[in-house]
Structures are given as structure tokens and as C-alpha cells.
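Encoded as C-alpha cells, the structure appears first; notes follow it.
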Amino acid sequence: MRCASQSDELVFFVNGRKVMERNVDPEGTLLTFLRKNLRLTGTKYACGRGGCGACTVMVSKHDPVSRKIQRHFSVTACLMPICSLYGAAVTTVEGVGSIKTRLHPVQERIAKSHGTQCGFCTPGMVMSMYTLLRNHPQPSEEQLTEALGGNLCRCTGYRPILESGRTFCMESNSCQQKGTGKCCLDWGENDSSPLGKKNEICTKLFAKEEFQSLDPTQELIFPPELLRMAENPEKRTLTFYGERVTWISPGTLKDLLELKVKHPEAPLVVGNTSLGPAMKSQRQFHPVLLSPARISELSMVTKTSDGLTIGAGCSLAQMQDILAERIAELPEEKTQTYRALLKHLRSLAGQQIRNMASLGGHVISRHCCSDLNPVLAVSNATLNLISAEGTRQIPLNEHFLAGLASADLKPEEILESVHIPHSQKWEFVSAFRQAQCQQNALPHVNAGMRVLLKEGTDSIEDLSIAYGGVGAATISAHRSCQQLLGRRWNELMLDEACRLLLDEVSLPGSAPGGRVEFKRTLVVSFLFKFYLEVLQELKKLVKLFSVAVGADSRHRSEVSDQFLSALEDFPVTIPQGVQTYQNVDPHQPLQDPVGRPIMHLSALKHATGEAMFCDDIPVVDKELFMALVTSSRAHAKIISIDVSKALELPEVVDVITAEDIPGTNGAEGDKLLAVEEVTCVGQIICAVVAETDVQAKRATEKIEITYKDLEPVIFTIKDAIKHNSFLCPEKKLEQGNVEEAFEKVDQTIEGEVHVGGQEHFYMETQRVLVIPKTEDKELDIYVSTQDPAHVQKTVSSTLNIPINRITCHVKRVGGGFGGKVGKPAVFGAIAAVGAIKTGHPIRLVLDREDDMLITGGRHPLFGKYKAGFTNNGRIKALDIECYINGGCTLDDSELVTEFLILKLENAYKIRNLRFRGRACMTNLPSNTAFRGFGFPQGALVTESCITAVAAKCGLPPEKIREKNMYKTVDKTIYKQAFNPETLIRCWNECLDKSSFHSRRMQVEEFNKKNYWKKKGIAIIPMKFSVGFAATSYHQAAALVHIYTDGSVLVTHGGNELGQGIHTKMLQVASRELKIPMSCIHISETSTATVPNTIATAASVGADVNGRAVQNACQILLKRLEPIIKKHPEGTWENWIEAAFEQRISLSATGYFRGYKAFMDWEKGVGDPFPYYVYGAACSEVEIDCLTGAHKKIRTDIIMDACCSLNPAIDIGQIEGSFIQGMGLYTTEELKYSPEGILYSRSPDEYKIPTITDVPEEFNVSLLPSSQTPLTIYSSKGLGESGMFLGSSVFFAIADAVATVRRERDIAEDFMVQSPATPERVRMACADRFTKMIPRDDPETFKPWSIPIA
């Protein structure tokens, strides 16, 4: 490779400033350049594959053809090759606005609308919205949803983000915003039971009238220098040489074609959306990359009388606009293909990817689940190829898609454009797809279908069908189509077509991607949808031309009214709803912030990118990077580790192994670095330390580890039970006499429940920076954790140095959810060993893939229940046995088992109970704490049992729930007394506000009229116990300093994870000291200021730390009392000055000894929890029986928050946890290979809810006028409780499926499987199509994935 000095100069602009780089690395991305070279850390690294939107920036380019600035477009910086930016203007979140200069309205509104919690995704959200507003200053709600479709958020539940964006939209359906304060969504079946006095109830979390208006004239202009460059484009070829790769960007088509002759193997890179991820995860490598970006011929669009020719260089977003424009111009019959393509383009990936990906790249990469290729193939599209030799056309047909050499491009050819012909009269084209969720998800199966009927008849003249997702490439069903020519479009033809298709489009049982029977079913379900669509269109044509179709019009097939709903796809809608809470007492001083919807302290900094996260800390002098080497075997002996090749690489400094640990290497059976044996794929074996993160990662691939496999290898709960492989003894609770009760009941029922695991998917992956000090073995550790004291202790024992030499700092955490309680200590300790050994600071930042592989998540659960009940549904006896998949080490599995058993009864009083739980030891990464801590899995077993009892009694589930609920002051199974009055209030309030009974009737009415779409509705009560089951875990401390200018510094033991704990602590301090919040500051959580802290978890962070802050403030105020009494008219500043003069200490430690909590497992009694949070949720859904898709229509949540410290933050926690719970129960599915390797390691494969998954109407209400004397200001911790309420969506889906099965006379199935994915829903809605598919004998093939619950 030639030296870098011969590289051309890369010229582009960032935030209005010119960037000129000569030695740029073609392998580098814009994200790396922004963060490392320009130190613009507002743009975040979260997934590295363009799947989450955290790194969104705006790119603006000038288009010399139209002589205007080509649209501003949002892109994911993690995929954008730095060399592709020649002549472009980049705007990052820092360029939009700053708290130091001026905020942009987008930033102000997302912050003040409470659209930010942890804030890690916020810069990306801001940039997507900002780009939208640059193109459309008054967007439609549809454009807003589209713009945010590629951005993920794990905290907020999206509603407040959309609410902030909606304030810019031209028309708004949300009547709350019309200023009357009244809304058509004001709830209630009967207003005689109001929530309280109307004036006490508030539905406004922010004041829209305070927002600054958007002024498009104030935006950054397009740099004049780039305008000049675009007017006189550089025709010469630009070349950028890197260490391993050369990037060549020709200025003319002629040069490109010559380069293609010279480098026939070199790929053309436009958006890098296909090549980028492949180079990252499949380690693909290309020494030469050709960029056709500057060649205008490749972006030409030609409209002809017979079709449309679109340049291969056009982005998919441009293609969307081109097609939409053409559809508006032409008669409907000519635009069938364009409509089908447009339908798929709307749901293909996210907006950023559509802005980057090119049509040519999409076609040429021939991805097995390409959304456009099946439609292009059936519509007889032609590929226009060009080379130095000349031009030629090839059809985009099955031979091209299969990659046959005779039908493919020659190495020196490139794709110039794609010609898509018009459709014609009597021709029908449709597109279908089904994915894990509605948007931004790769399809399981998709299809393009086209039929041409002989004019005036219903007989088939031409038929073409192609599928994606059912093979290595798009598959064309050519043979089947040929056999159907001449047939009439009727039921007989449909049956024959299904048979032929299943024979031709065959999928082996072991096919990659799994879901084989589901995919086979979709093949014929899609055909049926197409069949109905064509029939419906024929009906219109017949009316139009009054022709008799076929020989005898009386025999023509018709679509019955019951079937009509099968034709409609679920629309993408923007959610709306009301958030209700109790206003503060009118007599409360205005300065007292407690109980008011105060904005998150860091919200504005989140929105400007100025909030610093762990990896945003500037590079420290002599800093090195660490990358981890993990096991590729599930259970094996380590024979040898050869690191020699890794150490030969340039810039590699050292390899850290277990031998380098000076102190203890973790615990027995749970080593930090593996010694002799590995017990799961993803176990850490050693770590590479290098000068750059790139070299460290490359070196990990050079380390050679020899293994000898060991037996047994256990992955599933079933196998663990068989091998008696458990992590801890059984946990058991019992009351009454279960056996005796079973003998006396009218009926019994037994069932099984399988609940899949869940990945935390915090937006900020695990990361740590360890800085060794020059003396006394001191270390500073900056870490993203929920438990800095645990990191400190672990590092201390690992290095064998006292705890007092180690200081852990936590400024803020980009989401935790339990995943940053235990694991950060492991990474902190390994990085600390590296720091001590090398004497350098060490930075360790996990890639998303490694984070998901190594860290484990929520425990998968297998539950069995047996219930005995009377004919009217009163449950007299219940026996539940639960097994959780703990993974390879104990971690928190014993505690999770205990909490699971303690919480299993949920809201129900059953006299005779037996609960048993075991944690299974398997060869999977150890599962750990996760929001809800066992309750979301366990309570699903209980509620599934209730649903089954209801079905058996022929009664609605809500009646059974009501009948068995706690009614009066009572004791739980573990003999803790409580009063269920609030629980019953929540239940009744939810029934009323959701208009449950009238909607239940509407659902039944809908279901009678529709065969292929069904609605379901469910209401779920909740009794959630808060806290740790041990008193010592409830202690907390705080340190409050008052400085001589009157300003106050508060430090406490809680960590800011996005849940607003620092904001609440300032509210507490403000009330106690009677000074404004603006006078008080929290810098960070540090083990040097508040020692021996407890993890911020179990929903009690604000509770206990609030009491500690309160205590410190009260001590200080008591000291100041004599001075205040003496000078009552004085100011705060005067009093502090006087106190200092009088030598009164202005610093105090506050302490809270904790809530009493204990549990005696021997006796099965205790008071393990300080208090309960009660709630109820009602959800309504609609399912598509043919595809398994569902739409969330409405959710109403009532939560008992007592006196909320901050209703905006608390409602945010409820909404966020509800949506996260909804993900657990619907779309979040972990897939493991038969060898125990996790497949779902990125947002491509693992689908957390997106913006379109939020219920269409989403109402949250905090129950007013409830009190609890125990907690600070009578508030409650609400961090986790909303999680389980997400199951109301699951049970609504189950309700819809049960209706289908009853209607079709299919036996009740009491095996419940969560998540309710499209696959499970579709296969449960058994019909003629599920019956006709071939089924494989499981003994005859090796499945692609295995179920672990």
C-alpha cells in the first residue's frame, strides 16, 4: 500500500467549520472521527450497525443537477465511511444548539416535555427531529413517526418524545393541545365516581406556551465553499490510502468503469448499510473500495411511456419520493408495482438507513430477505448494466437472484439503473411482509405477487410470485406459476396454488433463521391475502365495465364481508393519551418543588449532547484500550492459550490472563478470567491491551485457544431438571392444606407456562475507565454502574489493595435496569488488572455484540400450575412450581428465586397455596438482576392460571380475577399484613376509566363480524412489593455541604440511571432547606464522599437516599436555627455568612438506617418488604390471524403512587417500564444455537419496542389521595412496578387468540408461551393453511435454534 502522503485531501464541513484531512483511514467511520478526532461526543456509540439511531447526525449535500441543496438527510454515523463525506456538510447535536449559547426549539421541547430519562438516545432523537424540521418546518404526524422510526429508546416508552415532536406538527389530533384543558379522551364510564375533586386533578406535565418558536431563518447555512465546489465539481479521481484499505472516488463514469476493469473484485460503496455490518460482524475485508457517489449519471431518473428508470445510486429515501410522485401523476392501473414497492419502502429499516442505502446496493447485495427484490422480480424489472465495453440489459429474475454466472453481472460491469415497467389494466401487483414488529425490522418472510388476467375474464394469463426469507436468496415460484396459467381465479385455483407453492418453495427443518413452520404458513397465507385482494379489485372492475367475468358470472368467487378485514394492513398511528396526577396542595409555597412535574436535571444537557457519559471523558495521557477474548465453547477444558501472534501486531502492548491477577480471581465457580475450564460461550478468558481500540479488537482474533469439550452440556431447563443441575436449594412457601383442598373442589386444571429471557439492552453498553495514580497504589475508576461500592470492593480484592485506595465515580448511567448491578465489577476489575500491570490508564468499552453475549439478562422461566376451583370460579387450591434458567454461575439467581416465590400470589387471596422454585445451572452466560426481579415472569404463571380457570368455567377472566382478589385487611402467604383497599381502588378505577365493560361488548361485536382479524381485551391487577428483603440493604447516606456564598452541594449514595434520582434529591433538599433548587447542585456519585453504598435498585433508590438527604438537611437547619430566629428577616446568604463567623459546621452527613425487612425461609414467614405498590392496566389489541401481527389499540394504567415526589418523572417511569414489559411479552426473543451461542446479539436480531409499538391511545393515571406514613413525604418507588402491567397486552393477545380457537372449534391449549411473537400467534390461530403445511419429525434434523425456557 502506498504511503499516506500520496492521499488526496478530504474536505468537508462539521457544524459550519471546515475539516481538511490528508491521512484519513478509509476503514474509519464518521462516528469515530467525530468522537476521537473532533472530540464531539454528543453523537453516541450504541450498536455500531445503524440499528438504534443513537449516532444520528444530519448530512447536507448540494445537488448540481437541480442546483439546490439536496435534502438534508439523517444518517447513522456508525456506518458512514469517513471518505464518503467529500464535499458534504455534517451537522451534529453540538451544532444544533448548546446550553452555553442558545438552545434550539427541538432540544428545549424534548427536554421540557420529559422526553429524556437516561439521555443516551436523546442526541439521536434530536438529530432525527431536527433534520425533519430542516426539510419540513411544519411536518405532518406521519412524517414525524417516519423520522423517528429508526431511533430506539429503552427508558421513556416514546410517548413524551412524540409529544415534544408533535408540538411542531401542522395538524394535531391531540385536543389537549387546543388550550381548553378539556379533552375528548377524558375518561370514565360514569362520571359519578370522579378521581377526586376536579380541580385537584391535573393533566398537564409541561407548559407548551413557554416554548420558544421555531425560526427556520436562524439555522446554519450551507457552507458557501461547498457550494462553489459543487458548482465546479472536481472531475479528477480522489484516492485515500489507509493502512489496509484504499478508497477510490472517481469523478466521472468513464473513470469508474476503467477502475472496475483494474479492480474487478472491488465493491462499490454508496451507503455502506450492507457492507458495513458485514465487515464488522462477518469480518469481510476488501483492500480496495470504489465510491460512485460523485457520478451524477448513477442518480438519474427517467420517466418513459412504459415505465420508470431509477439510477442505481439513488437512495431508498429518494426512491420513495420518486415513486410517490409518479403514483400521483399516473392513473391507478399503471402504478400497481410502484404502490407495492412504496408499501415496502415505508417499513424497510429506519429513516436513516433509507437515506443512506442505494437502490443499486439493495438489488446487488441480494439479501435473502430483501424487501424490494421480490416485487421487482415479479414486475419484470430490468437491470441496465454498463462497463468499459458498453451497455447491456439483464432481467431481474430468479436466475439473477440465485447468482447464476450466466445471469449475473460480469466482474467489470456495474449496475447503472433499474427499469420498472408500468402495470396495465387487468394486472394486479401486491407486496407482503411479516417481521417481528411493524417497523425497522427485517422480515421473516416477504413476497411480491403479480397476476395478469385475460381482459374481461377471471382467467390467469400471466402469474409471477417471489418470496424472500425462505432461502439463501429471493426465491421465484416459476414452476407453480406456469402450471396455473389459464386457470380461473377461484377457490379451486387457490387450493391448487397452495399445494404447488408448498412443494416448490420448500424449506428444510434446519433452515437458518428457524421459524420453519411459521414461514411455510406465511407462504400460503400471503397467497390467500393476494387472492382476496384480486377478487376485491375484480369486483370494482366488474362494476366499472359491467362485464361478465368468466363464462358464467354467477360462479364467480366473492369476498365475504367477514373476510374483508384481511385486506387491510395495520396502520401506523401516532399515540395520544392523557397523563393524570394530583395537583399539589394550593397552600404549598411556590418555591417548594416537591410534588411538581419538574424537568429532569440533566434534560437540557441530554438534548444538546453536553451530558458526559463514561466514554465521553476525554482521552487521558498514555491511555490504552482493552478488548476481551471470550470462550467459543459452552463447556470445555482449556488446553492452551497462545497469545504470540497477537503480541506481534503493531500497537499491541500486552495480554492480560488469570495469571496476572495479584489478588483473588473472582469467586469459586465464578472466575473473573477463566482458569482451566469454561462453562459457557461468552465467558471471559483473557484481555488484549493496545494503543487503539481497533488494534485491540484485531488482536483478539489472533489469540489461539485450544479446547477439549466436556460433558454434559446443558442449555435448557428441561435438560437441567434431567441432570439434576441446580444452583441452590429449592425455595418453598405453603399455606393451608393443598392436597386436602384439591379433593374437595369441583374442577381442577393443570398447565405449563414458558417465559423467554430478556436482554437489558441499555443504550449505553458496559464501559469503564481506570486511571492509576502515581503514588500509594491509588486508582480512579469511572464506570457505568448501579453499584459503585461493589466495583470498588471487587477491584480491591482482585488487586489485593485496601478499599480506601480506590475511588469509583458515577456521573450518570445510560440505562441499567439491573444489568449494571453486578457485571460492571467484573469489567472494572479486569481493566484495573490491566492498568496495574501496564502502569497506563485503561479504557474498556464493550461492543453491543459482546455486551449481549457476555452479560446475561432476565431469567427464562418454566412454570407448572395446578388449580382446584368451584364451578363459579373461586380458586380453593393452587400449586405452582417454577424453574428459572440461571446460567453457569449463581449471580443473583437464588435471590431471584426467593423474590419470585414471595411475589407469585400477586393480588389474589387463595386459602391453600404451595409455591416452589428452583434455579437451574446451565451452560449459558449467567443471568442476573432485571427490572421486576422475577415478578414479571412469575406473575405471568399466576395470571395464565387465572385465565385458564376462566376458560374452564366459561366466564370472562376479569370475573375470576375479581372473585379471587384480596378484599379486606389480610396476611400474605408469608404472613405479612397489608390492606388491599388501594389495590381494589386501582382495579375499579381502571375498569371505569377504560370503559372496560362497554369495550368488552364492542370487541365481541367486532369479532363476530370479522373472521381474519380479531380483537382482544384484558385487565390485570398488580400488587408489587418494593425493596430488598433485608434491612441492611435499605440503609443510605448523604453528605450535604453549604458553601459561604449560600450554594449547596449534595452527594448521596444513589446513582443517576435516568430515573431522575438526582432531580428528586434536589427537590427534597430544596423543601428541607427552604431554598430554590437553583441554589443546590449534585456533581456525581462517588465512593470517596459517600462510602459503603447499596446498589441503586429494587425501586427504593429515591426512598432511602431521600431520607438520608432529608436527615442531613434537617441537621444543618437545626444548627442554623438560633441564627434564623435572631435574624428572621435576613436572607439565606446572610445566615450562612453569620454561621461561618460563629464557627458553625456547614457540612453534615445524613443517614437512614433503613426499612425493617426480614424473611425466615425455614418457617416461611417474615416481613420481607417495606410496602407495596398497587396498580391495574387494561389493554386492547387487534391481531391478524393470517400473519400473527398485532396492533395495540389502547392501554389504560392506574398506578398508586401515593404522593408523587415528581409526577413527570414517575409517569415517565411507569410508561417506560410498561413498554419494556410489553417488549418482554411480545417481541423480545432470545435465540440460541444448539451449541449455546446467542444469535440475537444486535438490534437487527433482537427487537425492543420501537415508536410504532406504543398503544394508539395510552393513558396513565396516578391514583389520588392515597397515603403511606412510612416513606419520604408519603411517596412510593415506581421504578419497576409498571413492567408486569405490560402483560395486559399479552393477555389481550391471548384473549383474541382464544376467540379464534373457540370459533374454529380447536381444543383449549393450556400451554402458554411468552413472548407472543407473530410466529406463536399465527401458529395458535390454526386454520386450513396451518393444516396444509408439511411438518418435520424433530428427530430427523438439527434445529437452527433451541428453546431454553
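Each chain in the C-alpha cells gets a letter, A, B and so on, in the order shown; residues start at 1 in every chain, and ligands are counted from 1 in the order they appear.
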Report as a Markdown table the residues of region 992-1047 of chain A within 10 Å of region 887-901 of chain A, each with its shortest atom pair and distance in Å (one decimal), using only C-alpha atoms, ordered by chain and increasing residue number.
```
| residue | atom | partner | partner_atom | distance |
| --- | --- | --- | --- | --- |
| A:Ser1025 | CA | A:Phe899 | CA | 9.2 |
| A:Phe1028 | CA | A:Phe899 | CA | 9.1 |
| A:Ala1029 | CA | A:Phe899 | CA | 8.4 |
```
**Request:** Extract the full set of helix (DSSP H, G or I) residues from region 1120-1219 of chain A according to DSSP on the backbone, and format it as a PyMOL selection string.
**Result:** chain A and resi 1120-1126+1132-1141+1207-1219
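Near region 1270-1279 of chain A, within a cut-off of 7 Å and counting only C-alpha atoms, sit the residues Ser1099, Val1100, Asp1103, Gly1106, Arg1107, Ala1201, Cys1202, Cys1203, Ser1204, Leu1205, Asp1210, Gln1213 and Ile1214 of chain A, with same-chain residues fewer than 4 positions away left out.
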For the selection just defined, write its residues with N, CA and C atoms to a file, as an mmCIF file, in the first residue's frame.
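Generated file (part_35.cif):
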```cif
data_model
loop_
_atom_site.group_PDB
_atom_site.id
_atom_site.type_symbol
_atom_site.label_atom_id
_atom_site.label_comp_id
_atom_site.auth_asym_id
_atom_site.auth_seq_id
_atom_site.Cartn_x
_atom_site.Cartn_y
_atom_site.Cartn_z
ATOM 1 N N SER A 1099 -36.308 -0.403 43.257
ATOM 2 C CA SER A 1099 -37.276 0.714 43.283
ATOM 3 C C SER A 1099 -37.146 1.647 44.482
ATOM 4 N N VAL A 1100 -36.155 1.403 45.389
ATOM 5 C CA VAL A 1100 -36.119 2.216 46.612
ATOM 6 C C VAL A 1100 -35.022 3.277 46.626
ATOM 7 N N ASP A 1103 -36.359 6.613 47.654
ATOM 8 C CA ASP A 1103 -36.910 6.471 49.007
ATOM 9 C C ASP A 1103 -35.838 6.637 50.068
ATOM 10 N N GLY A 1106 -33.433 9.693 49.713
ATOM 11 C CA GLY A 1106 -34.205 10.887 50.052
ATOM 12 C C GLY A 1106 -34.258 11.095 51.556
ATOM 13 N N ARG A 1107 -34.419 9.994 52.286
ATOM 14 C CA ARG A 1107 -34.452 10.095 53.747
ATOM 15 C C ARG A 1107 -33.089 10.527 54.294
ATOM 16 N N ALA A 1201 -49.322 5.854 43.332
ATOM 17 C CA ALA A 1201 -48.006 6.453 43.619
ATOM 18 C C ALA A 1201 -48.023 7.187 44.954
ATOM 19 N N CYS A 1202 -49.150 7.106 45.682
ATOM 20 C CA CYS A 1202 -49.359 7.916 46.891
ATOM 21 C C CYS A 1202 -49.119 9.382 46.535
ATOM 22 N N CYS A 1203 -48.192 10.058 47.226
ATOM 23 C CA CYS A 1203 -47.930 11.470 46.908
ATOM 24 C C CYS A 1203 -46.621 11.538 46.120
ATOM 25 N N SER A 1204 -46.733 11.579 44.823
ATOM 26 C CA SER A 1204 -45.549 11.531 43.962
ATOM 27 C C SER A 1204 -44.610 12.710 44.247
ATOM 28 N N LEU A 1205 -43.303 12.405 44.360
ATOM 29 C CA LEU A 1205 -42.306 13.478 44.534
ATOM 30 C C LEU A 1205 -42.246 14.331 43.273
ATOM 31 N N ASP A 1210 -42.309 10.194 37.625
ATOM 32 C CA ASP A 1210 -42.968 8.942 37.983
ATOM 33 C C ASP A 1210 -43.809 8.396 36.843
ATOM 34 N N GLN A 1213 -41.502 6.843 34.445
ATOM 35 C CA GLN A 1213 -41.053 5.514 34.877
ATOM 36 C C GLN A 1213 -42.121 4.458 34.588
ATOM 37 N N ILE A 1214 -43.376 4.824 34.838
ATOM 38 C CA ILE A 1214 -44.470 3.865 34.604
ATOM 39 C C ILE A 1214 -44.576 3.550 33.111
#
```
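The residue set within 9 Å of Leu227 (chain A), counting only C-alpha atoms and dropping same-chain residues fewer than 2 places from it, reads A:Lys61, A:His62, A:Ile69, A:Gly87, A:Phe222, A:Pro223, A:Pro224, A:Glu225, A:Met229, A:Ala230, A:Glu231, A:Asn232.
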Write a file of the just-selected residues containing N, CA, C and O atoms, as a PDB file, in the first residue's frame.
```
ATOM      1  N   LYS A  61     -26.061  17.954   1.319  1.00  0.00           N
ATOM      2  CA  LYS A  61     -25.233  17.993   0.106  1.00  0.00           C
ATOM      3  C   LYS A  61     -25.919  18.864  -0.934  1.00  0.00           C
ATOM      4  O   LYS A  61     -27.143  18.988  -0.935  1.00  0.00           O
ATOM      5  N   HIS A  62     -25.107  19.445  -1.805  1.00  0.00           N
ATOM      6  CA  HIS A  62     -25.661  20.273  -2.883  1.00  0.00           C
ATOM      7  C   HIS A  62     -25.786  19.423  -4.125  1.00  0.00           C
ATOM      8  O   HIS A  62     -24.897  18.651  -4.459  1.00  0.00           O
ATOM      9  N   ILE A  69     -29.781  22.766  -2.690  1.00  0.00           N
ATOM     10  CA  ILE A  69     -29.229  21.872  -1.673  1.00  0.00           C
ATOM     11  C   ILE A  69     -30.110  20.648  -1.664  1.00  0.00           C
ATOM     12  O   ILE A  69     -31.303  20.730  -1.427  1.00  0.00           O
ATOM     13  N   GLY A  87     -17.059  16.957   0.269  1.00  0.00           N
ATOM     14  CA  GLY A  87     -17.991  17.980  -0.215  1.00  0.00           C
ATOM     15  C   GLY A  87     -19.312  18.052   0.531  1.00  0.00           C
ATOM     16  O   GLY A  87     -20.232  18.738   0.101  1.00  0.00           O
ATOM     17  N   PHE A 222     -25.721  26.530   4.400  1.00  0.00           N
ATOM     18  CA  PHE A 222     -24.856  25.570   3.716  1.00  0.00           C
ATOM     19  C   PHE A 222     -23.546  26.297   3.380  1.00  0.00           C
ATOM     20  O   PHE A 222     -23.579  27.400   2.825  1.00  0.00           O
ATOM     21  N   PRO A 223     -22.387  25.731   3.739  1.00  0.00           N
ATOM     22  CA  PRO A 223     -21.124  26.458   3.546  1.00  0.00           C
ATOM     23  C   PRO A 223     -20.918  26.918   2.092  1.00  0.00           C
ATOM     24  O   PRO A 223     -20.966  26.094   1.170  1.00  0.00           O
ATOM     25  N   PRO A 224     -20.698  28.244   1.875  1.00  0.00           N
ATOM     26  CA  PRO A 224     -20.503  28.764   0.508  1.00  0.00           C
ATOM     27  C   PRO A 224     -19.379  28.060  -0.237  1.00  0.00           C
ATOM     28  O   PRO A 224     -19.462  27.854  -1.445  1.00  0.00           O
ATOM     29  N   GLU A 225     -18.344  27.671   0.501  1.00  0.00           N
ATOM     30  CA  GLU A 225     -17.210  26.992  -0.164  1.00  0.00           C
ATOM     31  C   GLU A 225     -17.662  25.669  -0.793  1.00  0.00           C
ATOM     32  O   GLU A 225     -17.237  25.313  -1.886  1.00  0.00           O
ATOM     33  N   MET A 229     -17.654  24.412  -4.644  1.00  0.00           N
ATOM     34  CA  MET A 229     -17.103  23.103  -5.042  1.00  0.00           C
ATOM     35  C   MET A 229     -18.125  22.312  -5.861  1.00  0.00           C
ATOM     36  O   MET A 229     -17.773  21.623  -6.821  1.00  0.00           O
ATOM     37  N   ALA A 230     -19.395  22.411  -5.471  1.00  0.00           N
ATOM     38  CA  ALA A 230     -20.436  21.652  -6.168  1.00  0.00           C
ATOM     39  C   ALA A 230     -20.743  22.235  -7.544  1.00  0.00           C
ATOM     40  O   ALA A 230     -21.059  21.513  -8.489  1.00  0.00           O
ATOM     41  N   GLU A 231     -20.629  23.588  -7.668  1.00  0.00           N
ATOM     42  CA  GLU A 231     -20.888  24.244  -8.952  1.00  0.00           C
ATOM     43  C   GLU A 231     -19.824  23.845  -9.970  1.00  0.00           C
ATOM     44  O   GLU A 231     -20.095  23.657 -11.155  1.00  0.00           O
ATOM     45  N   ASN A 232     -18.563  23.767  -9.500  1.00  0.00           N
ATOM     46  CA  ASN A 232     -17.461  23.353 -10.407  1.00  0.00           C
ATOM     47  C   ASN A 232     -16.871  22.056  -9.874  1.00  0.00           C
ATOM     48  O   ASN A 232     -15.805  22.049  -9.252  1.00  0.00           O
TER      49      ASN A 232
END
```
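What separates CA of Tyr241 (chain A) from CA of Arg22 (chain A) is a distance of 9.4 Å.
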**Message:** Need to verify the contact set: region 343-356 of chain A, 9 Å, only C-alpha atoms, exclusion of same-chain residues closer than 2 positions in sequence. Can you return it as a VMD selection string?
**Reply:** chain A and resid 50 to 53 56 73 to 76 80 128 146 to 151 270 to 273 315 to 320 338 to 341 358 371 to 372 431 to 433 438 to 443
Proximity of region 894-921 of chain A to region 858-865 of chain A: per-residue shortest pair, 10 Å limit, only C-alpha atoms, as CSV:
```
residue,atom,partner,partner_atom,distance
A:Val896,CA,A:His859,CA,8.5
A:Thr897,CA,A:His859,CA,9.7
A:Arg914,CA,A:Tyr865,CA,9.9
A:Phe915,CA,A:Tyr865,CA,9.4
A:Arg916,CA,A:Gly863,CA,9.8
A:Gly917,CA,A:Gly863,CA,9.0
A:Arg918,CA,A:Leu861,CA,10.0
A:Ala919,CA,A:His859,CA,9.1
A:Cys920,CA,A:Leu861,CA,9.8
```
**Message:** Please list as an NGL selection string every residue within 10 Å of Glu389 (chain A), counting only C-alpha atoms and excluding residues in the same chain fewer than 5 positions away.
**Reply:** :A and (257-258 or 261 or 412-413)
For the residues in that selection, give me all heavy atoms as a compact mmCIF listing (two decimals), in the first residue's frame.
```txt
# COMPACT_ATOMS: atom_id res chain seq x y z
N LEU A 257 -15.56 3.14 -14.68
CA LEU A 257 -15.58 1.90 -15.46
C LEU A 257 -14.16 1.39 -15.70
O LEU A 257 -13.91 0.18 -15.69
CB LEU A 257 -16.32 2.12 -16.79
CG LEU A 257 -17.80 2.53 -16.63
CD1 LEU A 257 -18.42 2.84 -17.97
CD2 LEU A 257 -18.59 1.44 -15.91
N GLU A 258 -13.21 2.32 -15.88
CA GLU A 258 -11.80 1.90 -16.03
C GLU A 258 -11.29 1.29 -14.73
O GLU A 258 -10.55 0.30 -14.75
CB GLU A 258 -10.94 3.10 -16.44
CG GLU A 258 -11.10 3.45 -17.92
CD GLU A 258 -10.47 4.78 -18.29
OE1 GLU A 258 -9.77 5.37 -17.44
OE2 GLU A 258 -10.69 5.24 -19.43
N VAL A 261 -12.36 -2.24 -14.30
CA VAL A 261 -11.55 -3.20 -15.07
C VAL A 261 -10.28 -3.53 -14.28
O VAL A 261 -9.85 -4.67 -14.17
CB VAL A 261 -11.20 -2.62 -16.46
CG1 VAL A 261 -10.22 -3.54 -17.19
CG2 VAL A 261 -12.47 -2.41 -17.28
N GLU A 412 -16.37 -6.75 -14.32
CA GLU A 412 -16.03 -5.35 -14.66
C GLU A 412 -17.27 -4.48 -14.90
O GLU A 412 -17.16 -3.30 -15.18
CB GLU A 412 -15.10 -5.32 -15.89
CG GLU A 412 -15.71 -5.76 -17.22
CD GLU A 412 -15.78 -7.28 -17.38
OE1 GLU A 412 -15.42 -8.02 -16.42
OE2 GLU A 412 -16.19 -7.73 -18.46
N GLU A 413 -18.46 -5.09 -14.77
CA GLU A 413 -19.69 -4.33 -15.01
C GLU A 413 -20.22 -3.71 -13.72
O GLU A 413 -19.97 -4.22 -12.63
CB GLU A 413 -20.79 -5.26 -15.57
CG GLU A 413 -20.59 -5.62 -17.02
CD GLU A 413 -21.69 -6.53 -17.55
OE1 GLU A 413 -22.11 -7.45 -16.82
OE2 GLU A 413 -22.11 -6.32 -18.69
```
**Message:** Set the distance at 10 Å and use only C-alpha atoms: which residues neighbour region 1125-1138 of chain A once local chain neighbours fewer than 5 positions away are removed? I'd like the list as number ranges by chain.
**Reply:** A: 1042-1047, 1073-1075, 1120, 1143-1144, 1146
